[in-house]
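The file work-v4.cif contains mmCIF, N, CA and C atoms:
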```
data_coords
loop_
_atom_site.label_atom_id
_atom_site.label_comp_id
_atom_site.auth_asym_id
_atom_site.auth_seq_id
_atom_site.Cartn_x
_atom_site.Cartn_y
_atom_site.Cartn_z
N MET R 266 -59.74 52.68 17.34
CA MET R 266 -61.00 52.92 16.66
C MET R 266 -60.95 54.21 15.85
N GLN R 267 -60.29 55.23 16.36
CA GLN R 267 -60.22 56.51 15.67
C GLN R 267 -59.46 56.38 14.34
N ALA R 268 -58.55 55.42 14.25
CA ALA R 268 -57.79 55.21 13.02
C ALA R 268 -58.70 54.82 11.86
N TYR R 269 -59.88 54.29 12.17
CA TYR R 269 -60.81 53.84 11.14
C TYR R 269 -61.79 54.94 10.70
N VAL R 270 -61.92 56.01 11.47
CA VAL R 270 -62.95 57.02 11.20
C VAL R 270 -62.66 57.79 9.92
N VAL R 271 -61.50 58.41 9.81
CA VAL R 271 -61.19 59.23 8.63
C VAL R 271 -61.15 58.37 7.37
N PRO R 272 -60.43 57.23 7.37
CA PRO R 272 -60.48 56.40 6.17
C PRO R 272 -61.90 55.93 5.85
N GLY R 273 -62.68 55.61 6.87
CA GLY R 273 -64.05 55.18 6.63
C GLY R 273 -64.91 56.25 5.98
N LEU R 274 -64.80 57.48 6.48
CA LEU R 274 -65.57 58.58 5.89
C LEU R 274 -65.13 58.86 4.45
N LEU R 275 -63.82 58.82 4.22
CA LEU R 275 -63.33 59.03 2.85
C LEU R 275 -63.77 57.90 1.93
N LEU R 276 -63.80 56.68 2.45
CA LEU R 276 -64.27 55.54 1.64
C LEU R 276 -65.76 55.67 1.33
N ILE R 277 -66.54 56.18 2.25
CA ILE R 277 -67.97 56.40 1.98
C ILE R 277 -68.13 57.41 0.85
N LEU R 278 -67.38 58.51 0.91
CA LEU R 278 -67.44 59.51 -0.17
C LEU R 278 -66.99 58.92 -1.50
N SER R 279 -65.88 58.21 -1.48
CA SER R 279 -65.36 57.67 -2.74
C SER R 279 -66.33 56.65 -3.34
N ASN R 280 -66.91 55.82 -2.50
CA ASN R 280 -67.84 54.81 -3.03
C ASN R 280 -69.15 55.42 -3.49
N THR R 281 -69.53 56.53 -2.91
CA THR R 281 -70.73 57.23 -3.39
C THR R 281 -70.49 57.73 -4.81
N PHE R 282 -69.32 58.35 -5.04
CA PHE R 282 -69.00 58.79 -6.39
C PHE R 282 -68.89 57.62 -7.36
N MET R 283 -68.26 56.54 -6.92
CA MET R 283 -68.07 55.40 -7.82
C MET R 283 -69.41 54.75 -8.16
N THR R 284 -70.30 54.66 -7.21
CA THR R 284 -71.61 54.08 -7.49
C THR R 284 -72.36 54.91 -8.52
N PHE R 285 -72.27 56.25 -8.39
CA PHE R 285 -72.89 57.10 -9.40
C PHE R 285 -72.19 56.96 -10.74
N ALA R 286 -70.88 56.79 -10.75
CA ALA R 286 -70.15 56.62 -12.01
C ALA R 286 -70.55 55.31 -12.69
N TRP R 287 -70.72 54.25 -11.93
CA TRP R 287 -71.03 52.94 -12.51
C TRP R 287 -72.50 52.77 -12.85
N TYR R 288 -73.39 53.32 -12.02
CA TYR R 288 -74.82 53.03 -12.19
C TYR R 288 -75.69 54.26 -12.40
N GLY R 289 -75.19 55.43 -12.15
CA GLY R 289 -75.99 56.64 -12.27
C GLY R 289 -76.41 56.95 -13.69
N PHE R 290 -75.70 56.43 -14.67
CA PHE R 290 -76.01 56.71 -16.07
C PHE R 290 -77.17 55.87 -16.58
N LEU R 291 -77.63 54.90 -15.81
CA LEU R 291 -78.65 53.98 -16.30
C LEU R 291 -79.96 54.67 -16.68
N GLY R 292 -80.22 55.82 -16.14
CA GLY R 292 -81.44 56.54 -16.49
C GLY R 292 -81.32 57.39 -17.74
N TYR R 293 -80.17 57.38 -18.40
CA TYR R 293 -79.93 58.21 -19.57
C TYR R 293 -79.77 57.35 -20.82
N ASP R 294 -80.80 56.61 -21.16
CA ASP R 294 -80.74 55.68 -22.30
C ASP R 294 -80.63 56.38 -23.64
N LYS R 295 -81.08 57.61 -23.72
CA LYS R 295 -81.10 58.31 -25.01
C LYS R 295 -79.76 58.99 -25.34
N LYS R 296 -78.90 59.12 -24.35
CA LYS R 296 -77.59 59.76 -24.57
C LYS R 296 -76.65 58.77 -25.26
N PRO R 297 -75.79 59.26 -26.15
CA PRO R 297 -74.81 58.36 -26.77
C PRO R 297 -73.88 57.74 -25.71
N LEU R 298 -73.51 56.51 -25.92
CA LEU R 298 -72.70 55.78 -24.95
C LEU R 298 -71.35 56.46 -24.70
N TRP R 299 -70.73 57.00 -25.75
CA TRP R 299 -69.42 57.61 -25.57
C TRP R 299 -69.48 58.83 -24.64
N ILE R 300 -70.60 59.56 -24.69
CA ILE R 300 -70.77 60.70 -23.79
C ILE R 300 -70.91 60.21 -22.35
N MET R 301 -71.65 59.13 -22.18
CA MET R 301 -71.83 58.59 -20.84
C MET R 301 -70.51 58.05 -20.28
N VAL R 302 -69.70 57.44 -21.13
CA VAL R 302 -68.39 56.94 -20.68
C VAL R 302 -67.52 58.10 -20.21
N LEU R 303 -67.46 59.16 -20.97
CA LEU R 303 -66.66 60.33 -20.58
C LEU R 303 -67.18 60.96 -19.29
N ALA R 304 -68.49 61.08 -19.18
CA ALA R 304 -69.07 61.65 -17.96
C ALA R 304 -68.75 60.77 -16.76
N CYS R 305 -68.85 59.47 -16.92
CA CYS R 305 -68.56 58.55 -15.82
C CYS R 305 -67.08 58.60 -15.43
N TRP R 306 -66.19 58.77 -16.41
CA TRP R 306 -64.77 58.93 -16.09
C TRP R 306 -64.54 60.17 -15.24
N GLY R 307 -65.25 61.23 -15.55
CA GLY R 307 -65.13 62.44 -14.74
C GLY R 307 -65.58 62.22 -13.31
N VAL R 308 -66.67 61.49 -13.13
CA VAL R 308 -67.15 61.18 -11.78
C VAL R 308 -66.18 60.22 -11.08
N ALA R 309 -65.65 59.26 -11.83
CA ALA R 309 -64.70 58.30 -11.25
C ALA R 309 -63.42 59.01 -10.79
N PHE R 310 -63.03 60.07 -11.47
CA PHE R 310 -61.87 60.84 -11.01
C PHE R 310 -62.09 61.35 -9.59
N LEU R 311 -63.31 61.83 -9.32
CA LEU R 311 -63.62 62.30 -7.97
C LEU R 311 -63.53 61.15 -6.96
N GLU R 312 -63.91 59.96 -7.41
CA GLU R 312 -63.80 58.78 -6.53
C GLU R 312 -62.35 58.57 -6.11
N TYR R 313 -61.45 58.68 -7.05
CA TYR R 313 -60.02 58.49 -6.74
C TYR R 313 -59.49 59.58 -5.82
N CYS R 314 -60.06 60.78 -5.92
CA CYS R 314 -59.63 61.88 -5.05
C CYS R 314 -59.91 61.57 -3.58
N PHE R 315 -60.83 60.67 -3.30
CA PHE R 315 -61.13 60.26 -1.92
C PHE R 315 -60.55 58.89 -1.58
N MET R 316 -60.51 57.99 -2.56
CA MET R 316 -60.04 56.62 -2.31
C MET R 316 -58.54 56.59 -1.99
N VAL R 317 -57.75 57.29 -2.76
CA VAL R 317 -56.29 57.26 -2.55
C VAL R 317 -55.92 57.81 -1.16
N PRO R 318 -56.44 58.97 -0.76
CA PRO R 318 -56.14 59.43 0.60
C PRO R 318 -56.67 58.49 1.68
N ALA R 319 -57.84 57.89 1.46
CA ALA R 319 -58.38 56.96 2.45
C ALA R 319 -57.43 55.79 2.67
N ASN R 320 -56.92 55.23 1.59
CA ASN R 320 -56.00 54.10 1.71
C ASN R 320 -54.67 54.52 2.33
N ARG R 321 -54.16 55.66 1.94
CA ARG R 321 -52.88 56.13 2.50
C ARG R 321 -53.02 56.42 3.99
N ILE R 322 -54.04 57.17 4.37
CA ILE R 322 -54.25 57.53 5.78
C ILE R 322 -54.50 56.27 6.61
N GLY R 323 -55.32 55.37 6.09
CA GLY R 323 -55.59 54.12 6.81
C GLY R 323 -54.35 53.27 6.98
N HIS R 324 -53.56 53.14 5.92
CA HIS R 324 -52.34 52.34 6.01
C HIS R 324 -51.34 52.95 6.97
N GLN R 325 -51.21 54.27 6.94
CA GLN R 325 -50.29 54.95 7.86
C GLN R 325 -50.77 54.83 9.31
N ALA R 326 -52.07 54.64 9.51
CA ALA R 326 -52.62 54.48 10.86
C ALA R 326 -52.52 53.05 11.36
N GLY R 327 -51.99 52.16 10.51
CA GLY R 327 -51.78 50.78 10.94
C GLY R 327 -52.84 49.79 10.47
N ILE R 328 -53.74 50.22 9.61
CA ILE R 328 -54.73 49.30 9.05
C ILE R 328 -54.07 48.55 7.91
N SER R 329 -54.19 47.23 7.91
CA SER R 329 -53.56 46.44 6.85
C SER R 329 -54.30 46.64 5.54
N THR R 330 -53.64 46.33 4.45
CA THR R 330 -54.28 46.48 3.14
C THR R 330 -55.48 45.55 3.01
N GLY R 331 -55.39 44.36 3.58
CA GLY R 331 -56.54 43.45 3.56
C GLY R 331 -57.72 44.02 4.31
N GLN R 332 -57.46 44.62 5.46
CA GLN R 332 -58.53 45.24 6.23
C GLN R 332 -59.13 46.43 5.48
N LEU R 333 -58.28 47.23 4.85
CA LEU R 333 -58.78 48.36 4.06
C LEU R 333 -59.67 47.87 2.92
N LYS R 334 -59.27 46.80 2.27
CA LYS R 334 -60.05 46.28 1.15
C LYS R 334 -61.40 45.75 1.62
N VAL R 335 -61.41 45.01 2.71
CA VAL R 335 -62.68 44.48 3.22
C VAL R 335 -63.57 45.63 3.67
N MET R 336 -62.99 46.62 4.33
CA MET R 336 -63.74 47.81 4.75
C MET R 336 -64.36 48.50 3.53
N GLN R 337 -63.58 48.64 2.48
CA GLN R 337 -64.06 49.28 1.26
C GLN R 337 -65.19 48.48 0.63
N GLU R 338 -65.08 47.16 0.61
CA GLU R 338 -66.12 46.32 0.00
C GLU R 338 -67.43 46.42 0.77
N VAL R 339 -67.36 46.43 2.09
CA VAL R 339 -68.58 46.56 2.90
C VAL R 339 -69.24 47.91 2.63
N ILE R 340 -68.43 48.96 2.61
CA ILE R 340 -68.98 50.30 2.34
C ILE R 340 -69.57 50.34 0.94
N THR R 341 -68.90 49.73 -0.03
CA THR R 341 -69.42 49.67 -1.40
C THR R 341 -70.80 49.02 -1.43
N LEU R 342 -70.94 47.90 -0.73
CA LEU R 342 -72.23 47.20 -0.73
C LEU R 342 -73.32 48.02 -0.05
N VAL R 343 -72.99 48.68 1.03
CA VAL R 343 -74.00 49.49 1.73
C VAL R 343 -74.41 50.68 0.85
N VAL R 344 -73.43 51.37 0.28
CA VAL R 344 -73.73 52.52 -0.59
C VAL R 344 -74.55 52.04 -1.79
N PHE R 345 -74.15 50.91 -2.37
CA PHE R 345 -74.89 50.40 -3.52
C PHE R 345 -76.32 50.01 -3.15
N ALA R 346 -76.51 49.38 -2.00
CA ALA R 346 -77.86 48.98 -1.58
C ALA R 346 -78.75 50.21 -1.42
N VAL R 347 -78.23 51.25 -0.80
CA VAL R 347 -79.01 52.48 -0.62
C VAL R 347 -79.31 53.12 -1.98
N PHE R 348 -78.30 53.20 -2.84
CA PHE R 348 -78.48 53.79 -4.17
C PHE R 348 -79.49 52.99 -4.99
N SER R 349 -79.34 51.68 -4.96
CA SER R 349 -80.22 50.80 -5.72
C SER R 349 -81.67 50.96 -5.28
N TRP R 350 -81.88 51.04 -3.98
CA TRP R 350 -83.22 51.19 -3.43
C TRP R 350 -83.78 52.60 -3.69
N ALA R 351 -82.97 53.64 -3.41
CA ALA R 351 -83.46 55.02 -3.48
C ALA R 351 -83.52 55.55 -4.91
N ALA R 352 -82.47 55.36 -5.68
CA ALA R 352 -82.39 55.97 -7.01
C ALA R 352 -82.98 55.08 -8.10
N LEU R 353 -82.71 53.78 -8.02
CA LEU R 353 -83.17 52.87 -9.07
C LEU R 353 -84.49 52.19 -8.74
N LYS R 354 -84.98 52.41 -7.52
CA LYS R 354 -86.26 51.85 -7.05
C LYS R 354 -86.29 50.32 -7.13
N GLU R 355 -85.13 49.70 -6.86
CA GLU R 355 -85.06 48.24 -6.84
C GLU R 355 -85.28 47.74 -5.42
N LYS R 356 -85.90 46.59 -5.32
CA LYS R 356 -86.22 46.01 -4.02
C LYS R 356 -85.08 45.08 -3.58
N LEU R 357 -84.68 45.19 -2.32
CA LEU R 357 -83.71 44.26 -1.77
C LEU R 357 -84.48 43.04 -1.27
N THR R 358 -84.09 41.88 -1.75
CA THR R 358 -84.78 40.64 -1.37
C THR R 358 -83.94 39.85 -0.38
N TRP R 359 -84.49 38.77 0.13
CA TRP R 359 -83.86 37.99 1.19
C TRP R 359 -82.45 37.54 0.83
N ASN R 360 -82.20 37.18 -0.43
CA ASN R 360 -80.88 36.67 -0.79
C ASN R 360 -79.81 37.75 -0.68
N TYR R 361 -80.18 39.02 -0.86
CA TYR R 361 -79.22 40.11 -0.66
C TYR R 361 -78.84 40.22 0.82
N TYR R 362 -79.83 40.06 1.68
CA TYR R 362 -79.55 40.13 3.12
C TYR R 362 -78.65 38.97 3.56
N VAL R 363 -78.87 37.79 3.01
CA VAL R 363 -78.01 36.65 3.32
C VAL R 363 -76.58 36.92 2.85
N ALA R 364 -76.46 37.48 1.66
CA ALA R 364 -75.13 37.82 1.13
C ALA R 364 -74.44 38.84 2.02
N PHE R 365 -75.18 39.82 2.52
CA PHE R 365 -74.60 40.83 3.42
C PHE R 365 -74.10 40.18 4.71
N VAL R 366 -74.81 39.17 5.20
CA VAL R 366 -74.36 38.46 6.40
C VAL R 366 -73.02 37.78 6.13
N PHE R 367 -72.87 37.18 4.95
CA PHE R 367 -71.59 36.55 4.61
C PHE R 367 -70.47 37.59 4.51
N VAL R 368 -70.76 38.75 3.97
CA VAL R 368 -69.75 39.81 3.90
C VAL R 368 -69.37 40.26 5.30
N LEU R 369 -70.34 40.37 6.18
CA LEU R 369 -70.03 40.74 7.57
C LEU R 369 -69.19 39.65 8.25
N ALA R 370 -69.41 38.40 7.86
CA ALA R 370 -68.56 37.32 8.39
C ALA R 370 -67.12 37.51 7.91
N ALA R 371 -66.94 37.97 6.68
CA ALA R 371 -65.59 38.26 6.17
C ALA R 371 -64.95 39.38 6.97
N VAL R 372 -65.74 40.40 7.30
CA VAL R 372 -65.23 41.51 8.13
C VAL R 372 -64.74 40.97 9.47
N PHE R 373 -65.53 40.12 10.09
CA PHE R 373 -65.15 39.53 11.37
C PHE R 373 -63.84 38.76 11.24
N MET R 374 -63.72 37.96 10.20
CA MET R 374 -62.50 37.15 10.01
C MET R 374 -61.27 38.03 9.84
N VAL R 375 -61.39 39.11 9.10
CA VAL R 375 -60.22 39.95 8.81
C VAL R 375 -59.84 40.83 10.01
N PHE R 376 -60.83 41.32 10.74
CA PHE R 376 -60.54 42.25 11.82
C PHE R 376 -60.35 41.56 13.17
N TYR R 377 -60.94 40.39 13.37
CA TYR R 377 -60.85 39.73 14.67
C TYR R 377 -59.59 38.88 14.79
N PHE R 378 -59.27 38.11 13.75
CA PHE R 378 -58.11 37.23 13.79
C PHE R 378 -56.90 37.98 13.24
N LYS R 379 -55.93 38.20 14.11
CA LYS R 379 -54.74 38.96 13.73
C LYS R 379 -53.69 38.04 13.12
N PRO R 380 -52.92 38.56 12.15
CA PRO R 380 -51.83 37.75 11.58
C PRO R 380 -50.80 37.39 12.64
N GLY R 381 -50.16 36.25 12.44
CA GLY R 381 -49.11 35.83 13.36
C GLY R 381 -49.59 34.85 14.41
N GLY R 382 -50.84 34.56 14.44
CA GLY R 382 -51.36 33.61 15.41
C GLY R 382 -51.62 32.27 14.76
N GLY R 383 -51.99 31.32 15.55
CA GLY R 383 -52.44 30.02 15.05
C GLY R 383 -51.37 29.25 14.30
N ALA R 384 -51.64 28.94 13.05
CA ALA R 384 -50.81 28.04 12.26
C ALA R 384 -49.40 28.59 12.04
N LYS R 385 -49.24 29.89 11.96
CA LYS R 385 -47.90 30.43 11.71
C LYS R 385 -46.95 30.09 12.85
N LYS R 386 -47.40 30.15 14.10
CA LYS R 386 -46.53 29.81 15.22
C LYS R 386 -46.17 28.33 15.18
N ALA R 387 -47.16 27.50 14.89
CA ALA R 387 -46.90 26.07 14.83
C ALA R 387 -45.91 25.75 13.72
N ASP R 388 -46.06 26.42 12.57
CA ASP R 388 -45.14 26.18 11.47
C ASP R 388 -43.72 26.61 11.82
N ALA R 389 -43.58 27.68 12.57
CA ALA R 389 -42.25 28.18 12.93
C ALA R 389 -41.56 27.23 13.89
N GLN R 390 -42.33 26.50 14.72
CA GLN R 390 -41.74 25.60 15.69
C GLN R 390 -41.52 24.20 15.13
N ALA R 391 -42.14 23.89 14.01
CA ALA R 391 -42.02 22.56 13.43
C ALA R 391 -40.64 22.38 12.83
N PRO R 392 -40.07 21.19 13.00
CA PRO R 392 -38.75 20.96 12.40
C PRO R 392 -38.84 20.96 10.88
N ALA R 393 -37.79 21.43 10.27
CA ALA R 393 -37.77 21.48 8.81
C ALA R 393 -37.59 20.06 8.27
N LEU R 394 -38.30 19.76 7.22
CA LEU R 394 -38.16 18.47 6.56
C LEU R 394 -37.03 18.56 5.56
N THR R 395 -36.11 17.62 5.65
CA THR R 395 -35.01 17.60 4.69
C THR R 395 -35.00 16.25 4.01
N ALA R 396 -34.54 16.25 2.81
CA ALA R 396 -34.47 15.01 2.06
C ALA R 396 -33.29 14.19 2.56
N ALA R 397 -33.53 12.92 2.73
CA ALA R 397 -32.44 12.03 3.17
C ALA R 397 -31.48 11.84 2.01
N PRO R 398 -30.19 11.79 2.31
CA PRO R 398 -29.25 11.58 1.21
C PRO R 398 -29.46 10.19 0.61
N THR R 399 -29.31 10.12 -0.68
CA THR R 399 -29.48 8.83 -1.36
C THR R 399 -28.10 8.26 -1.63
N ALA R 400 -28.02 6.99 -1.44
CA ALA R 400 -26.74 6.32 -1.68
C ALA R 400 -26.60 6.03 -3.16
N THR R 401 -25.43 6.30 -3.68
CA THR R 401 -25.19 5.97 -5.09
C THR R 401 -24.47 4.65 -5.12
N PRO R 402 -24.94 3.77 -5.95
CA PRO R 402 -24.29 2.46 -5.99
C PRO R 402 -22.87 2.56 -6.55
N ALA R 403 -22.02 1.76 -6.00
CA ALA R 403 -20.63 1.73 -6.47
C ALA R 403 -20.60 1.05 -7.82
N PRO R 404 -19.76 1.57 -8.69
CA PRO R 404 -19.68 0.90 -10.01
C PRO R 404 -19.16 -0.53 -9.82
N ASP R 405 -19.85 -1.43 -10.50
CA ASP R 405 -19.39 -2.84 -10.34
C ASP R 405 -18.27 -3.12 -11.34
N GLU R 406 -17.53 -4.07 -11.01
CA GLU R 406 -16.33 -4.40 -11.79
C GLU R 406 -16.71 -4.91 -13.18
N ALA R 407 -17.86 -5.53 -13.31
CA ALA R 407 -18.22 -6.12 -14.60
C ALA R 407 -18.58 -5.02 -15.60
N GLY R 408 -19.02 -3.87 -15.14
CA GLY R 408 -19.46 -2.80 -16.04
C GLY R 408 -18.32 -2.03 -16.64
N LYS R 409 -17.04 -2.32 -16.32
CA LYS R 409 -15.90 -1.55 -16.84
C LYS R 409 -15.53 -1.97 -18.22
#
```

Mind converting the file's structure to structure tokens?
Amino acid sequence: MQAYVVPGLLLILSNTFMTFAWYGFLGYDKKPLWIMVLACWGVAFLEYCFMVPANRIGHQAGISTGQLKVMQEVITLVVFAVFSWAALKEKLTWNYYVAFVFVLAAVFMVFYFKPGGGAKKADAQAPALTAAPTATPAPDEAGK
């Protein structure tokens, strides 16, 4: 469990910066777009300063890349939901909650079922299928 704490905290920080980079500019309609793009790139740089270490530390602690990605997506959705509600004053409706349940189902699938079980064992024990040799007809005497 401790292997998930540091990467999780770093992912929360990185996703907070990324959410501001992607959506924080929406309140600045009067600013030229090119200025907003440059400002968002600067904020996104900070996101990478936390995302890269989170992935490296998590991977070195034995978290698979698939698990890191699912963890990151869940954190992204939670950070975005809070930002959307608090900063943009948008209401979360029932369909968002249903979508979050499906994402949590993905988390369960990735973290509960470990690789190497189930079908992989059965496939390893199954005999290999090989093509049967085909007989080539002997040349007939009339064809010479």

Students should find that atom CA of R:Ala364 and atom C of R:Ile340 are spaced 13.7 Å

- Task: With the file shown as input, list the residues that the PyMOL selection byres (((chain R and resi 365 and name CA) around 12) and name CA) selects, as a list in words.
- Result: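 Checked against the file, the PyMOL selection byres (((chain R and resi 365 and name CA) around 12) and name CA) matches Glu338, Val339, Ile340, Thr341, Leu342, Val343, Phe345, Ala346, Leu357, Thr358, Trp359, Asn360, Tyr361, Tyr362, Val363, Ala364, Val366, Phe367, Val368, Leu369, Ala370, Ala371 and Val372 of chain R.
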
Test item: the PyMOL selection byres ((chain R and resi 319) around 6.5) resolved as number ranges by chain:
R: 271-273, 275-276, 315-318, 320-324

Using N, CA and C atoms, can you write the selected residues to a file as an mmCIF file, keeping the file's coordinate frame?
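Once written, out.cif looks like this:
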```cif
data_model
loop_
_atom_site.group_PDB
_atom_site.id
_atom_site.type_symbol
_atom_site.label_atom_id
_atom_site.label_comp_id
_atom_site.auth_asym_id
_atom_site.auth_seq_id
_atom_site.Cartn_x
_atom_site.Cartn_y
_atom_site.Cartn_z
ATOM 1 N N VAL R 271 -61.500 58.410 9.810
ATOM 2 C CA VAL R 271 -61.190 59.230 8.630
ATOM 3 C C VAL R 271 -61.150 58.370 7.370
ATOM 4 N N PRO R 272 -60.430 57.230 7.370
ATOM 5 C CA PRO R 272 -60.480 56.400 6.170
ATOM 6 C C PRO R 272 -61.900 55.930 5.850
ATOM 7 N N GLY R 273 -62.680 55.610 6.870
ATOM 8 C CA GLY R 273 -64.050 55.180 6.630
ATOM 9 C C GLY R 273 -64.910 56.250 5.980
ATOM 10 N N LEU R 275 -63.820 58.820 4.220
ATOM 11 C CA LEU R 275 -63.330 59.030 2.850
ATOM 12 C C LEU R 275 -63.770 57.900 1.930
ATOM 13 N N LEU R 276 -63.800 56.680 2.450
ATOM 14 C CA LEU R 276 -64.270 55.540 1.640
ATOM 15 C C LEU R 276 -65.760 55.670 1.330
ATOM 16 N N PHE R 315 -60.830 60.670 -3.300
ATOM 17 C CA PHE R 315 -61.130 60.260 -1.920
ATOM 18 C C PHE R 315 -60.550 58.890 -1.580
ATOM 19 N N MET R 316 -60.510 57.990 -2.560
ATOM 20 C CA MET R 316 -60.040 56.620 -2.310
ATOM 21 C C MET R 316 -58.540 56.590 -1.990
ATOM 22 N N VAL R 317 -57.750 57.290 -2.760
ATOM 23 C CA VAL R 317 -56.290 57.260 -2.550
ATOM 24 C C VAL R 317 -55.920 57.810 -1.160
ATOM 25 N N PRO R 318 -56.440 58.970 -0.760
ATOM 26 C CA PRO R 318 -56.140 59.430 0.600
ATOM 27 C C PRO R 318 -56.670 58.490 1.680
ATOM 28 N N ASN R 320 -56.920 55.230 1.590
ATOM 29 C CA ASN R 320 -56.000 54.100 1.710
ATOM 30 C C ASN R 320 -54.670 54.520 2.330
ATOM 31 N N ARG R 321 -54.160 55.660 1.940
ATOM 32 C CA ARG R 321 -52.880 56.130 2.500
ATOM 33 C C ARG R 321 -53.020 56.420 3.990
ATOM 34 N N ILE R 322 -54.040 57.170 4.370
ATOM 35 C CA ILE R 322 -54.250 57.530 5.780
ATOM 36 C C ILE R 322 -54.500 56.270 6.610
ATOM 37 N N GLY R 323 -55.320 55.370 6.090
ATOM 38 C CA GLY R 323 -55.590 54.120 6.810
ATOM 39 C C GLY R 323 -54.350 53.270 6.980
ATOM 40 N N HIS R 324 -53.560 53.140 5.920
ATOM 41 C CA HIS R 324 -52.340 52.340 6.010
ATOM 42 C C HIS R 324 -51.340 52.950 6.970
#
```

Put a box with edges along x, y and z around all the listed atoms of stretch 318-328 of chain R, pad it by 5 Å on each side, then give me its centre and sizes in Å, one decimal, as JSON.
```
{"center_x": -54.3, "center_y": 54.0, "center_z": 5.3, "size_x": 18.1, "size_y": 20.9, "size_z": 22.1}
```

One decimal place gives the atom N of R:Tyr288-atom C of R:Met336 separation as 18.6 Å

**Q.** Distance query 6.5 Å from (-70.7, 57.6, -13.7) using only N, CA and C atoms, result as a ChimeraX atom specification
**A.** /R:283-290,304-306,308-309

re atom C of R:Gln325 and atom C of R:Ala268: distance 8.3 Å

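Nearest residue to R:Tyr269, choosing from R:Met374, R:Met301, R:Leu291, R:Ile328 and counting only N, CA and C atoms: R:Ile328.
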